file input.cif (mmCIF, C-alpha atoms)
data_run
#
loop_
_atom_site.label_atom_id
_atom_site.label_comp_id
_atom_site.auth_asym_id
_atom_site.auth_seq_id
_atom_site.Cartn_x
_atom_site.Cartn_y
_atom_site.Cartn_z
CA MET A 135 131.76 26.26 -32.60
CA LEU A 136 131.04 27.63 -36.06
CA TRP A 137 127.29 27.19 -35.50
CA ARG A 138 127.50 29.08 -32.21
CA ALA A 139 129.44 31.92 -33.80
CA VAL A 140 126.96 32.24 -36.68
CA TRP A 141 124.01 32.14 -34.27
CA ARG A 142 125.50 34.78 -31.96
CA ALA A 143 126.16 37.08 -34.88
CA ALA A 144 122.61 36.61 -36.14
CA THR A 145 121.07 37.43 -32.76
CA ARG A 146 123.16 40.56 -32.41
CA VAL A 147 121.95 41.82 -35.75
CA ALA A 148 118.36 40.85 -34.96
CA GLY A 149 118.03 42.59 -31.59
CA PRO A 150 118.89 42.64 -27.92
CA SER A 151 120.81 39.87 -26.25
CA PRO A 152 119.03 37.53 -23.86
CA PRO A 153 119.03 38.49 -20.18
CA ARG A 154 122.14 37.62 -18.20
CA ARG A 155 121.72 35.69 -14.98
CA GLY A 156 122.28 37.59 -11.73
CA LEU A 157 122.18 36.55 -8.10
CA ARG A 158 118.76 37.96 -7.39
CA LEU A 159 117.47 39.88 -10.37
CA ARG A 160 118.20 39.15 -13.97
CA GLY A 161 119.55 42.09 -15.93
CA LEU A 162 118.56 42.71 -19.53
CA ASP A 163 121.02 44.66 -21.62
CA GLN A 164 119.05 46.85 -24.03
CA SER A 165 121.92 48.56 -25.82
CA PRO A 166 122.49 47.93 -29.54
CA HIS A 167 125.20 45.38 -30.22
CA PRO A 168 128.07 45.75 -32.65
CA SER A 169 128.14 43.45 -35.61
CA GLY A 170 130.80 40.79 -35.81
CA PHE A 171 131.72 37.69 -33.90
CA SER A 172 133.10 39.14 -30.68
CA ASP A 173 131.68 37.75 -27.43
CA VAL A 174 132.38 41.03 -25.62
CA VAL A 175 129.22 42.92 -24.64
CA PRO A 176 129.90 46.61 -23.87
CA PRO A 177 128.67 47.86 -20.47
CA THR A 178 125.55 50.03 -20.50
CA GLU A 179 124.25 52.74 -18.22
CA GLU A 180 120.65 51.48 -18.36
CA THR A 181 119.84 47.94 -17.34
CA VAL A 182 116.30 46.61 -17.06
CA PHE A 183 116.02 44.05 -14.27
CA ARG A 184 113.84 41.00 -14.74
CA PRO A 185 112.30 38.95 -11.91
CA LEU A 186 113.77 35.73 -10.60
CA TYR A 187 112.09 32.76 -12.26
CA MET A 188 110.17 30.47 -9.90
CA ASP A 189 107.40 29.26 -12.21
CA VAL A 190 108.84 26.14 -13.83
CA GLN A 191 105.45 24.38 -13.91
CA ALA A 192 104.38 26.95 -16.52
CA THR A 193 107.52 26.47 -18.58
CA THR A 194 111.20 25.74 -18.08
CA PRO A 195 114.20 27.62 -19.50
CA MET A 196 115.81 25.74 -22.34
CA ASP A 197 118.96 23.87 -21.33
CA PRO A 198 121.88 25.34 -23.33
CA ARG A 199 122.91 21.79 -24.30
CA VAL A 200 119.51 21.35 -25.94
CA LEU A 201 120.06 24.50 -27.99
CA ASP A 202 123.49 23.20 -29.03
CA ALA A 203 121.85 20.03 -30.37
CA MET A 204 119.22 22.04 -32.27
CA LEU A 205 121.39 24.67 -33.96
CA PRO A 206 122.71 22.57 -36.86
CA TYR A 207 119.13 21.70 -37.85
CA LEU A 208 118.08 25.33 -37.72
CA ILE A 209 120.90 26.54 -39.98
CA ASN A 210 122.42 23.88 -42.21
CA TYR A 211 120.52 20.59 -42.02
CA TYR A 212 117.17 22.09 -42.96
CA GLY A 213 115.75 19.33 -45.17
CA ASN A 214 112.19 18.06 -44.86
CA PRO A 215 112.42 14.72 -43.00
CA HIS A 216 109.72 13.32 -45.29
CA SER A 217 111.69 14.03 -48.48
CA ARG A 218 112.96 10.63 -49.61
CA THR A 219 114.81 11.55 -52.82
CA HIS A 220 117.89 13.40 -51.57
CA SER A 221 120.38 13.62 -48.71
CA TYR A 222 118.78 16.71 -47.15
CA GLY A 223 115.69 14.68 -46.36
CA TRP A 224 117.67 11.59 -45.30
CA GLU A 225 119.81 13.44 -42.75
CA SER A 226 116.76 15.16 -41.25
CA GLU A 227 114.90 11.85 -41.10
CA ALA A 228 117.87 10.24 -39.34
CA ALA A 229 117.85 13.05 -36.76
CA VAL A 230 114.11 12.61 -36.16
CA GLU A 231 114.48 8.86 -35.68
CA HIS A 232 117.39 9.38 -33.27
CA ALA A 233 115.22 11.77 -31.26
CA ARG A 234 112.42 9.19 -31.27
CA GLN A 235 114.85 6.69 -29.75
CA GLN A 236 115.89 9.21 -27.08
CA VAL A 237 112.28 9.84 -26.03
CA ALA A 238 111.49 6.11 -26.01
CA SER A 239 114.54 5.36 -23.89
CA LEU A 240 113.40 7.79 -21.20
CA ILE A 241 110.03 6.06 -20.71
CA GLY A 242 111.03 2.47 -21.54
CA SER A 243 109.05 2.11 -24.77
CA ASP A 244 109.67 0.98 -28.34
CA PRO A 245 110.66 3.95 -30.57
CA ARG A 246 107.84 2.98 -32.95
CA GLU A 247 105.38 3.82 -30.18
CA ILE A 248 106.45 7.48 -30.07
CA ILE A 249 104.44 9.95 -32.15
CA PHE A 250 105.64 13.56 -32.32
CA THR A 251 103.08 16.32 -31.75
CA SER A 252 103.05 20.06 -31.04
CA GLY A 253 102.86 19.52 -27.27
CA ALA A 254 100.96 17.86 -24.45
CA THR A 255 97.68 19.62 -25.27
CA GLU A 256 97.61 18.05 -28.73
CA SER A 257 98.76 14.71 -27.31
CA ASN A 258 95.91 14.76 -24.77
CA ASN A 259 93.41 15.56 -27.51
CA ILE A 260 94.67 12.70 -29.68
CA ALA A 261 94.60 10.23 -26.78
CA ILE A 262 91.17 11.07 -25.40
CA LYS A 263 89.23 11.92 -28.55
CA GLY A 264 91.14 9.45 -30.71
CA VAL A 265 90.50 6.39 -28.52
CA ALA A 266 86.91 7.33 -27.69
CA ARG A 267 85.94 7.91 -31.31
CA PHE A 268 87.65 4.78 -32.63
CA TYR A 269 85.80 2.47 -30.22
CA LYS A 270 82.54 4.45 -30.11
CA LEU A 271 80.41 1.72 -31.70
CA ARG A 272 81.02 -0.60 -28.74
CA LYS A 273 82.12 1.70 -25.93
CA LYS A 274 80.79 5.15 -25.09
CA HIS A 275 82.15 5.82 -21.59
CA VAL A 276 85.31 7.65 -20.47
CA ILE A 277 86.66 8.22 -16.94
CA THR A 278 88.85 11.09 -15.78
CA THR A 279 89.34 13.15 -12.61
CA GLN A 280 88.19 16.60 -11.51
CA THR A 281 91.77 17.87 -11.15
CA GLU A 282 93.04 17.17 -14.66
CA HIS A 283 94.61 19.81 -16.90
CA LYS A 284 92.07 22.00 -18.67
CA CYS A 285 92.77 20.46 -22.08
CA VAL A 286 91.79 17.02 -20.73
CA LEU A 287 88.61 18.33 -19.14
CA ASP A 288 87.67 20.27 -22.27
CA SER A 289 88.34 17.22 -24.48
CA CYS A 290 85.98 15.22 -22.27
CA ARG A 291 83.31 17.92 -22.48
CA SER A 292 83.70 17.84 -26.25
CA LEU A 293 83.04 14.08 -26.16
CA GLU A 294 79.96 14.64 -24.00
CA ALA A 295 78.61 16.92 -26.73
CA GLU A 296 79.09 14.01 -29.15
CA GLY A 297 76.99 11.69 -26.98
CA PHE A 298 79.67 10.05 -24.83
CA LYS A 299 79.23 9.60 -21.09
CA VAL A 300 82.09 10.93 -18.95
CA THR A 301 82.68 10.23 -15.26
CA TYR A 302 84.69 12.92 -13.44
CA LEU A 303 86.11 11.21 -10.37
CA PRO A 304 86.51 13.35 -7.23
CA VAL A 305 89.80 13.38 -5.37
CA GLN A 306 90.45 13.08 -1.66
CA LYS A 307 91.59 16.03 0.48
CA ASN A 308 95.20 15.14 -0.28
CA GLY A 309 94.51 15.39 -4.02
CA ILE A 310 94.83 11.64 -4.72
CA ILE A 311 91.99 9.60 -6.22
CA ASP A 312 90.32 6.75 -4.32
CA LEU A 313 91.20 3.56 -6.20
CA LYS A 314 88.00 1.86 -5.00
CA GLU A 315 85.97 4.66 -6.58
CA LEU A 316 87.89 4.18 -9.81
CA GLU A 317 87.16 0.44 -9.84
CA ALA A 318 83.48 1.08 -9.14
CA ALA A 319 83.27 3.65 -11.94
CA ILE A 320 84.53 1.27 -14.66
CA GLN A 321 81.62 -0.06 -16.73
CA PRO A 322 81.43 -2.69 -19.49
CA ASP A 323 81.38 0.11 -22.10
CA THR A 324 84.32 2.09 -20.63
CA SER A 325 86.97 2.61 -23.30
CA LEU A 326 89.47 4.89 -21.52
CA VAL A 327 90.66 6.09 -18.12
CA SER A 328 92.72 9.32 -18.14
CA VAL A 329 94.56 10.35 -14.95
CA MET A 330 97.52 12.75 -14.86
CA THR A 331 100.85 11.63 -13.39
CA VAL A 332 101.81 14.81 -11.49
CA ASN A 333 99.35 17.63 -10.93
CA ASN A 334 100.50 20.92 -12.43
CA GLU A 335 99.08 23.06 -9.61
CA ILE A 336 99.70 21.16 -6.37
CA GLY A 337 102.37 18.65 -7.43
CA VAL A 338 100.49 15.56 -6.22
CA ARG A 339 101.63 12.23 -7.70
CA GLN A 340 98.79 9.86 -8.52
CA PRO A 341 99.30 6.09 -7.96
CA ILE A 342 99.89 5.49 -11.67
CA GLU A 343 101.12 1.90 -11.29
CA ASP A 344 98.01 0.90 -9.30
CA ILE A 345 95.71 2.63 -11.79
CA GLY A 346 97.47 0.87 -14.68
CA ARG A 347 97.04 -2.50 -13.00
CA ILE A 348 93.30 -1.90 -12.43
CA CYS A 349 92.74 -0.76 -16.03
CA SER A 350 94.70 -3.70 -17.43
CA SER A 351 92.71 -6.22 -15.37
CA ARG A 352 89.43 -4.66 -16.56
CA LYS A 353 90.60 -4.42 -20.21
CA VAL A 354 90.28 -0.64 -20.30
CA TYR A 355 92.90 1.59 -21.93
CA PHE A 356 94.84 3.85 -19.56
CA HIS A 357 96.08 7.31 -20.60
CA THR A 358 98.17 9.59 -18.41
CA ASP A 359 99.10 13.22 -18.98
CA ALA A 360 102.73 13.05 -17.86
CA ALA A 361 103.78 16.55 -18.94
CA GLN A 362 104.80 17.41 -15.36
CA GLY A 363 106.25 13.98 -14.58
CA VAL A 364 108.35 12.82 -17.52
CA GLY A 365 112.05 13.45 -16.94
CA LYS A 366 111.44 14.38 -13.29
CA ILE A 367 110.35 11.08 -11.78
CA PRO A 368 111.09 7.54 -13.07
CA ILE A 369 108.40 6.35 -15.49
CA ASN A 370 108.32 3.02 -17.31
CA VAL A 371 105.24 2.55 -19.47
CA ASN A 372 105.50 -1.25 -19.39
CA ASP A 373 105.95 -1.63 -15.64
CA MET A 374 103.15 0.87 -15.02
CA LYS A 375 100.89 -0.66 -17.68
CA ILE A 376 100.34 2.68 -19.39
CA ASP A 377 98.68 2.50 -22.84
CA LEU A 378 98.92 6.15 -23.87
CA MET A 379 101.04 8.96 -22.42
CA SER A 380 101.41 12.67 -23.21
CA ILE A 381 104.79 14.45 -23.13
CA SER A 382 105.69 18.15 -23.43
CA GLY A 383 109.07 19.51 -24.57
CA HIS A 384 109.07 22.84 -22.73
CA LYS A 385 108.37 21.23 -19.34
CA ILE A 386 111.69 19.35 -19.42
CA TYR A 387 114.06 22.16 -20.48
CA GLY A 388 113.38 21.62 -24.17
CA PRO A 389 111.83 23.88 -26.83
CA LYS A 390 108.23 25.06 -26.92
CA GLY A 391 105.93 23.87 -29.69
CA VAL A 392 106.89 20.19 -29.58
CA GLY A 393 105.77 17.16 -27.60
CA ALA A 394 105.02 13.50 -28.07
CA ILE A 395 102.44 10.86 -27.38
CA PHE A 396 103.24 7.26 -26.52
CA ILE A 397 100.70 4.86 -28.08
CA ARG A 398 101.14 1.19 -27.22
CA ARG A 399 101.61 -1.28 -30.10
CA ARG A 400 101.26 -4.59 -28.19
CA PRO A 401 98.49 -5.02 -27.27
CA ARG A 402 97.66 -2.50 -29.94
CA VAL A 403 95.78 0.67 -29.09
CA ARG A 404 93.79 2.05 -32.01
CA VAL A 405 93.36 5.82 -32.35
CA GLU A 406 91.27 7.83 -34.78
CA ALA A 407 93.40 10.70 -36.13
CA VAL A 408 92.26 14.12 -34.97
CA GLN A 409 93.62 16.00 -37.99
CA SER A 410 93.80 15.09 -41.66
CA GLY A 411 96.78 15.49 -43.95
CA GLY A 412 99.71 13.67 -45.50
CA GLY A 413 99.64 10.73 -43.10
CA GLN A 414 102.92 11.46 -41.32
CA GLU A 415 103.69 9.79 -37.97
CA ARG A 416 102.00 6.52 -38.99
CA GLY A 417 98.84 8.38 -39.95
CA MET A 418 98.16 9.44 -36.38
CA ARG A 419 99.49 12.99 -36.63
CA SER A 420 99.67 14.48 -40.12
CA GLY A 421 101.93 17.44 -40.77
CA THR A 422 105.64 17.99 -41.41
CA VAL A 423 107.66 17.00 -38.37
CA PRO A 424 109.72 20.06 -37.26
CA THR A 425 113.20 18.56 -37.18
CA PRO A 426 114.93 21.20 -34.97
CA LEU A 427 112.20 21.04 -32.33
CA VAL A 428 112.11 17.25 -32.33
CA VAL A 429 115.91 17.13 -32.01
CA GLY A 430 115.59 19.48 -29.04
CA LEU A 431 112.94 17.26 -27.43
CA GLY A 432 115.17 14.22 -27.90
CA ALA A 433 118.18 15.97 -26.39
CA ALA A 434 116.08 17.19 -23.44
CA CYS A 435 114.87 13.63 -22.80
CA GLU A 436 118.39 12.23 -22.91
CA LEU A 437 119.65 14.89 -20.49
CA ALA A 438 116.68 14.26 -18.18
CA GLN A 439 117.49 10.56 -18.12
CA GLU A 440 121.12 11.28 -17.24
CA GLU A 441 120.42 13.91 -14.60
CA MET A 442 117.08 12.85 -13.12
CA GLU A 443 118.49 11.44 -9.90
CA ASN A 444 120.76 14.43 -9.18
CA ASP A 445 118.06 16.91 -10.20
CA HIS A 446 115.54 15.26 -7.90
CA LYS A 447 117.90 15.28 -4.90
CA ARG A 448 118.86 18.89 -5.40
CA ILE A 449 115.30 20.09 -6.03
CA SER A 450 114.09 18.19 -2.95
CA LEU A 451 116.66 19.97 -0.76
CA LEU A 452 115.77 23.39 -2.18
CA ALA A 453 112.04 22.72 -1.75
CA GLU A 454 112.54 21.65 1.86
CA ARG A 455 114.60 24.79 2.45
CA LEU A 456 111.88 27.04 1.01
CA VAL A 457 108.98 25.44 2.90
CA GLU A 458 110.84 25.27 6.21
CA LYS A 459 111.94 28.90 5.96
CA ILE A 460 108.44 30.17 5.19
CA MET A 461 106.50 27.98 7.62
CA SER A 462 108.88 28.55 10.54
CA ASN A 463 108.46 32.32 10.18
CA LEU A 464 104.77 32.58 9.30
CA PRO A 465 101.74 31.12 11.09
CA ASP A 466 98.58 30.01 9.26
CA VAL A 467 100.30 28.75 6.12
CA VAL A 468 98.82 25.61 4.55
CA MET A 469 100.61 23.33 2.08
CA ASN A 470 98.09 22.06 -0.46
CA GLY A 471 98.21 18.43 -1.61
CA ASP A 472 99.68 15.28 -0.17
CA PRO A 473 103.07 15.99 1.49
CA VAL A 474 104.43 12.50 0.71
CA GLN A 475 103.01 11.48 -2.69
CA HIS A 476 104.26 14.70 -4.14
CA TYR A 477 106.79 16.04 -6.64
CA PRO A 478 109.01 18.40 -4.58
CA GLY A 479 109.57 20.95 -7.35
CA CYS A 480 105.92 22.06 -7.24
CA ILE A 481 104.95 23.71 -3.94
CA ASN A 482 101.49 25.20 -3.47
CA LEU A 483 101.03 27.25 -0.30
CA SER A 484 97.97 29.10 0.97
CA PHE A 485 98.60 32.17 3.14
CA ALA A 486 95.52 32.74 5.30
CA TYR A 487 94.16 36.30 5.49
CA VAL A 488 96.17 37.41 2.46
CA GLU A 489 94.80 37.83 -1.06
CA GLY A 490 96.95 35.79 -3.44
CA GLU A 491 96.81 38.36 -6.24
CA SER A 492 97.96 41.09 -3.82
CA LEU A 493 100.87 38.95 -2.72
CA LEU A 494 101.84 38.24 -6.34
CA MET A 495 101.84 41.98 -7.08
CA ALA A 496 103.97 42.63 -4.00
CA LEU A 497 106.44 39.93 -5.10
CA LYS A 498 106.98 41.65 -8.43
CA ASP A 499 110.68 40.79 -8.48
CA VAL A 500 109.92 37.05 -8.36
CA ALA A 501 108.04 35.35 -11.20
CA LEU A 502 105.41 33.20 -9.45
CA SER A 503 101.90 31.99 -10.17
CA SER A 504 98.65 31.50 -8.31
CA GLY A 505 97.87 28.38 -10.36
CA SER A 506 97.92 26.96 -13.86
CA ALA A 507 99.24 29.29 -16.57
CA CYS A 508 96.41 28.02 -18.77
CA THR A 509 93.74 29.41 -16.42
CA SER A 510 95.58 32.24 -14.64
CA ALA A 511 93.59 34.91 -16.52
CA SER A 512 90.55 33.94 -14.44
CA LEU A 513 89.98 35.53 -11.02
CA GLU A 514 87.99 32.47 -9.92
CA PRO A 515 89.72 30.32 -7.28
CA SER A 516 91.54 27.31 -8.66
CA TYR A 517 89.25 24.40 -9.54
CA VAL A 518 92.00 22.04 -8.37
CA LEU A 519 92.01 23.59 -4.89
CA ARG A 520 88.22 23.54 -4.78
CA ALA A 521 88.29 19.86 -5.74
CA ILE A 522 90.45 19.00 -2.71
CA GLY A 523 88.04 20.86 -0.43
CA THR A 524 90.06 24.01 0.20
CA ASP A 525 88.02 26.88 1.65
CA GLU A 526 87.39 29.61 -0.90
CA ASP A 527 89.33 32.22 1.09
CA LEU A 528 92.36 29.91 1.32
CA ALA A 529 92.04 29.01 -2.37
CA HIS A 530 92.21 32.73 -3.17
CA SER A 531 95.37 33.06 -1.08
CA SER A 532 97.40 30.31 -2.75
CA ILE A 533 100.76 30.75 -4.48
CA ARG A 534 102.59 28.11 -6.53
CA PHE A 535 106.38 28.02 -6.20
CA GLY A 536 108.28 26.17 -8.92
CA ILE A 537 111.83 24.91 -8.38
CA GLY A 538 113.83 23.51 -11.27
CA ARG A 539 117.23 22.45 -12.56
CA PHE A 540 118.67 25.98 -12.66
CA THR A 541 117.14 27.36 -9.44
CA THR A 542 119.81 28.42 -6.93
CA GLU A 543 119.92 28.47 -3.14
CA GLU A 544 120.23 32.25 -3.22
CA GLU A 545 117.04 32.52 -5.29
CA VAL A 546 115.16 30.26 -2.88
CA ASP A 547 116.34 32.26 0.15
CA TYR A 548 115.51 35.58 -1.52
CA THR A 549 112.02 34.36 -2.48
CA ALA A 550 111.32 33.07 1.03
CA GLU A 551 112.52 36.29 2.67
CA LYS A 552 110.48 38.52 0.38
CA CYS A 553 107.44 36.29 0.82
CA ILE A 554 107.69 36.41 4.62
CA TYR A 555 108.11 40.20 4.61
CA HIS A 556 105.14 40.90 2.31
CA VAL A 557 102.78 38.41 3.97
CA LYS A 558 103.44 40.09 7.34
CA ARG A 559 102.94 43.52 5.76
CA LEU A 560 99.68 42.58 4.03
CA ARG A 561 98.33 40.89 7.15
CA GLU A 562 98.98 44.03 9.18
CA MET A 563 96.65 45.86 6.79
CA SER A 564 93.97 43.15 6.96
CA PRO A 565 91.02 43.65 9.33
CA LEU A 566 90.46 39.88 9.25
CA TRP A 567 93.95 39.24 10.59
CA GLU A 568 93.34 41.79 13.36
CA MET A 569 90.09 40.02 14.32
CA VAL A 570 91.84 36.64 14.43
CA GLN A 571 94.55 38.09 16.69
CA ASP A 572 91.77 39.27 19.00
CA GLY A 573 90.53 35.69 19.27
CA ILE A 574 87.46 36.05 17.05
CA ASP A 575 86.44 32.92 15.09
CA LEU A 576 85.67 34.23 11.62
CA LYS A 577 83.46 31.24 10.80
CA THR A 578 80.99 32.28 13.50
CA ILE A 579 80.45 35.71 11.96
CA LYS A 580 77.38 36.29 9.80
CA TRP A 581 78.42 38.70 7.07
CA THR A 582 75.80 40.97 5.48
CA GLN A 583 75.87 42.66 2.11
CA HIS A 584 75.16 46.34 1.65
#

call {"tool": "encode", "arguments": {"input": "input.cif", "output": "structure tokens"}}
result
Amino acid sequence: MLWRAVWRAATRVAGPSPPRRGLRLRGLDQSPHPSGFSDVVPPTEETVFRPLYMDVQATTPMDPRVLDAMLPYLINYYGNPHSRTHSYGWESEAAVEHARQQVASLIGSDPREIIFTSGATESNNIAIKGVARFYKLRKKHVITTQTEHKCVLDSCRSLEAEGFKVTYLPVQKNGIIDLKELEAAIQPDTSLVSVMTVNNEIGVRQPIEDIGRICSSRKVYFHTDAAQGVGKIPINVNDMKIDLMSISGHKIYGPKGVGAIFIRRRPRVRVEAVQSGGGQERGMRSGTVPTPLVVGLGAACELAQEEMENDHKRISLLAERLVEKIMSNLPDVVMNGDPVQHYPGCINLSFAYVEGESLLMALKDVALSSGSACTSASLEPSYVLRAIGTDEDLAHSSIRFGIGRFTTEEEVDYTAEKCIYHVKRLREMSPLWEMVQDGIDLKTIKWTQH
């Protein structure tokens, strides 16, 4: 309790308190706070309302229990975990190794196979570039899919510039790869196959166990970007024959700026380090390990392991409620991705005859996304939706709804109601919608430019 009291006092001196949760909108108290240790926040006349949060694929709110685990290492136990000559270093090192065990337990690995990084982007870079470069004298071919996260695709393009050959496998209309195409793409000089576990835009689950079995039988290393899957669906790296796996802290209610990569020891996977330095993390990721962040990642993994089953059941019910409410009240709504091989907390819907950006602006009191946060600055339609064959107009009308551990029924109902209202309103203003109501097939019209 002392740590909490100190932290609360520090935040009051530093600035405004964090927003307090409301039923529909989250209020942010902007008044100055008195110094001291009192928990009482005086009422204010002005309150700035923040949107509901329905974008958990971009990031998740930190679980308060994770923060509780981190606080001692932010305030008192601040030693460098690589300092071996005094107790400050020893206690930080012990905390790091405990966190390593917590991460390993979640995915069924040996703790020595867990390497801490700054997040899934760095983990993906280490896995793809590290394996390819280490085995480049004998193997110069890498396989991935067209719907991977941008950091995977850009890592592969970087390898192409170095002289590697990369095969970008297409996906079927449901977003899942064809395993026969994968088998046919593997060549004698293929060093790595990289396929994500759960897609960050449409929530599709790839057949990871089948892919692992194929790669193992062909003696090719298998990497999966599991940032959207770890802690949400059961994953065992041994049963699934995964050789390398990327993990992100802030996707599982942990802190930002920390992640991990699983690198198999038996049979050993060799990786060329991407960055140089003091040789920390068994030489694979140099740099001082940030103890508070790593402790937070470990705590988040332990909580995910404990609550995965209940979280999944609850999120499935909320997702079903959202989809049923929207689709029963609106015609011409398409759910993107496979409806069965799918993580329920990621729902991607296309609203025909409505511009997605217009709908997002109308839904200003709900934090939503039209796709990946890493590419949302672009006005181009999502490359993931284009890869599954979605028409360009439908791709432009897509919205991603994210449901997580702290999402409530009231928030789901409010989001659905607002979505239904604004889609109807925007369609009433659309000449295309009017033409469709008159029975005109838009695909038969030849449009001319002026």

call {"tool": "resolve_selection", "arguments": {"input": "input.cif", "expression": "the PyMOL selection byres ((chain A and resi 303-311) around 10)", "output": "VMD selection string"}}
result
chain A and resid 277 to 281 300 to 302 312 to 316 319 329 333 336 to 341 345 470 to 476 518 to 524

call {"tool": "residues_around", "arguments": {"input": "input.cif", "residues": "Gly365 in chain A", "least_positions_apart": "4", "cutoff": "9 Å", "atoms": "all atoms listed in the file", "output": "JSON, numbers by chain"}}
result
{"A": [240, 241, 369, 385, 386, 434, 435, 436, 437, 438, 439, 441, 442]}

call {"tool": "resolve_selection", "arguments": {"input": "input.cif", "expression": "the PyMOL selection byres ((chain A and resi 556) around 12)", "output": "PyMOL selection string"}}
result
chain A and resi 460+464+485+488-490+492-498+549-555+557-563

call {"tool": "closest_atom_pairs", "arguments": {"input": "input.cif", "of": "range 388-497 of chain A", "to": "range 537-543 of chain A", "cutoff": "10 Å", "atoms": "all atoms listed in the file", "output": "Markdown table"}}
result
| residue | atom | partner | partner_atom | distance |
| --- | --- | --- | --- | --- |
| A:Ala438 | CA | A:Arg539 | CA | 9.9 |
| A:Glu441 | CA | A:Arg539 | CA | 9.3 |
| A:Met442 | CA | A:Arg539 | CA | 9.6 |
| A:Asn444 | CA | A:Arg539 | CA | 9.4 |
| A:Asp445 | CA | A:Arg539 | CA | 6.1 |
| A:His446 | CA | A:Arg539 | CA | 8.7 |
| A:Arg448 | CA | A:Arg539 | CA | 8.2 |
| A:Ile449 | CA | A:Ile537 | CA | 6.4 |
| A:Ser450 | CA | A:Ile537 | CA | 8.9 |
| A:Leu451 | CA | A:Glu543 | CA | 9.4 |
| A:Leu452 | CA | A:Glu543 | CA | 6.6 |
| A:Ala453 | CA | A:Ile537 | CA | 7.0 |
| A:Arg455 | CA | A:Glu543 | CA | 8.5 |
| A:Leu456 | CA | A:Glu543 | CA | 9.2 |
| A:Pro478 | CA | A:Ile537 | CA | 8.0 |
| A:Gly479 | CA | A:Ile537 | CA | 4.7 |
| A:Cys480 | CA | A:Ile537 | CA | 6.7 |
| A:Ile481 | CA | A:Ile537 | CA | 8.3 |

call {"tool": "resolve_selection", "arguments": {"input": "input.cif", "expression": "the PyMOL selection byres ((chain A and resi 199) around 10)", "output": "PyMOL selection string"}}
result
chain A and resi 196-198+200-204+387-388+430+433-434+437

call {"tool": "atom_distance", "arguments": {"input": "input.cif", "atom1": "CA of Leu431 in chain A", "atom2": "CA of Lys390 in chain A"}}
result
9.1 Å

call {"tool": "atom_distance", "arguments": {"input": "input.cif", "atom1": "CA of Tyr355 in chain A", "atom2": "CA of Ser243 in chain A"}}
result
16.4 Å

call {"tool": "closest_residue", "arguments": {"input": "input.cif", "among": "A:His283, A:Lys270, A:Lys299, A:Arg400", "to": "Ser380 in chain A", "atoms": "all atoms listed in the file"}}
result
A:His283

call {"tool": "closest_residue", "arguments": {"input": "input.cif", "among": "A:Met379, A:Ile249, A:Leu502, A:Met469", "to": "Val392 in chain A", "atoms": "all atoms listed in the file"}}
result
A:Ile249

call {"tool": "residues_around", "arguments": {"input": "input.cif", "residues": "range 414-421 of chain A", "least_positions_apart": "2", "cutoff": "9 Å", "atoms": "all atoms listed in the file", "output": "list in words"}}
result
His216, Ile248, Ile249, Phe250, Thr251, Ile260, Val405, Glu406, Ala407, Val408, Gln409, Ser410, Gly411, Gly412, Val423 and Pro424 of chain A

call {"tool": "closest_residue", "arguments": {"input": "input.cif", "among": "A:Val371, A:Ala529, A:Val428, A:Ala394", "to": "Asn259 in chain A", "atoms": "only C-alpha atoms"}}
result
A:Ala394

call {"tool": "closest_residue", "arguments": {"input": "input.cif", "among": "A:Ala360, A:Ala192, A:Ala295, A:Leu427", "to": "Leu205 in chain A", "atoms": "all atoms listed in the file"}}
result
A:Leu427

call {"tool": "residues_around", "arguments": {"input": "input.cif", "residues": "Gly346 in chain A", "least_positions_apart": "2", "cutoff": "8 Å", "atoms": "only C-alpha atoms", "output": "PyMOL selection string"}}
result
chain A and resi 342-344+348-350+356+374-376

call {"tool": "axis_aligned_box", "arguments": {"input": "input.cif", "around": "range 375-387 of chain A", "padding_each_side": "8 Å", "output": "lines of an AutoDock Vina configuration file"}}
result
center_x = 106.4
center_y = 11.1
center_z = -21.1
size_x = 31.4
size_y = 39.5
size_z = 22.9

call {"tool": "atom_distance", "arguments": {"input": "input.cif", "atom1": "CA of Leu186 in chain A", "atom2": "CA of Gln362 in chain A"}}
result
20.9 Å

call {"tool": "closest_residue", "arguments": {"input": "input.cif", "among": "A:Ala361, A:Ala266, A:Leu293, A:Leu208", "to": "His384 in chain A", "atoms": "all atoms listed in the file"}}
result
A:Ala361
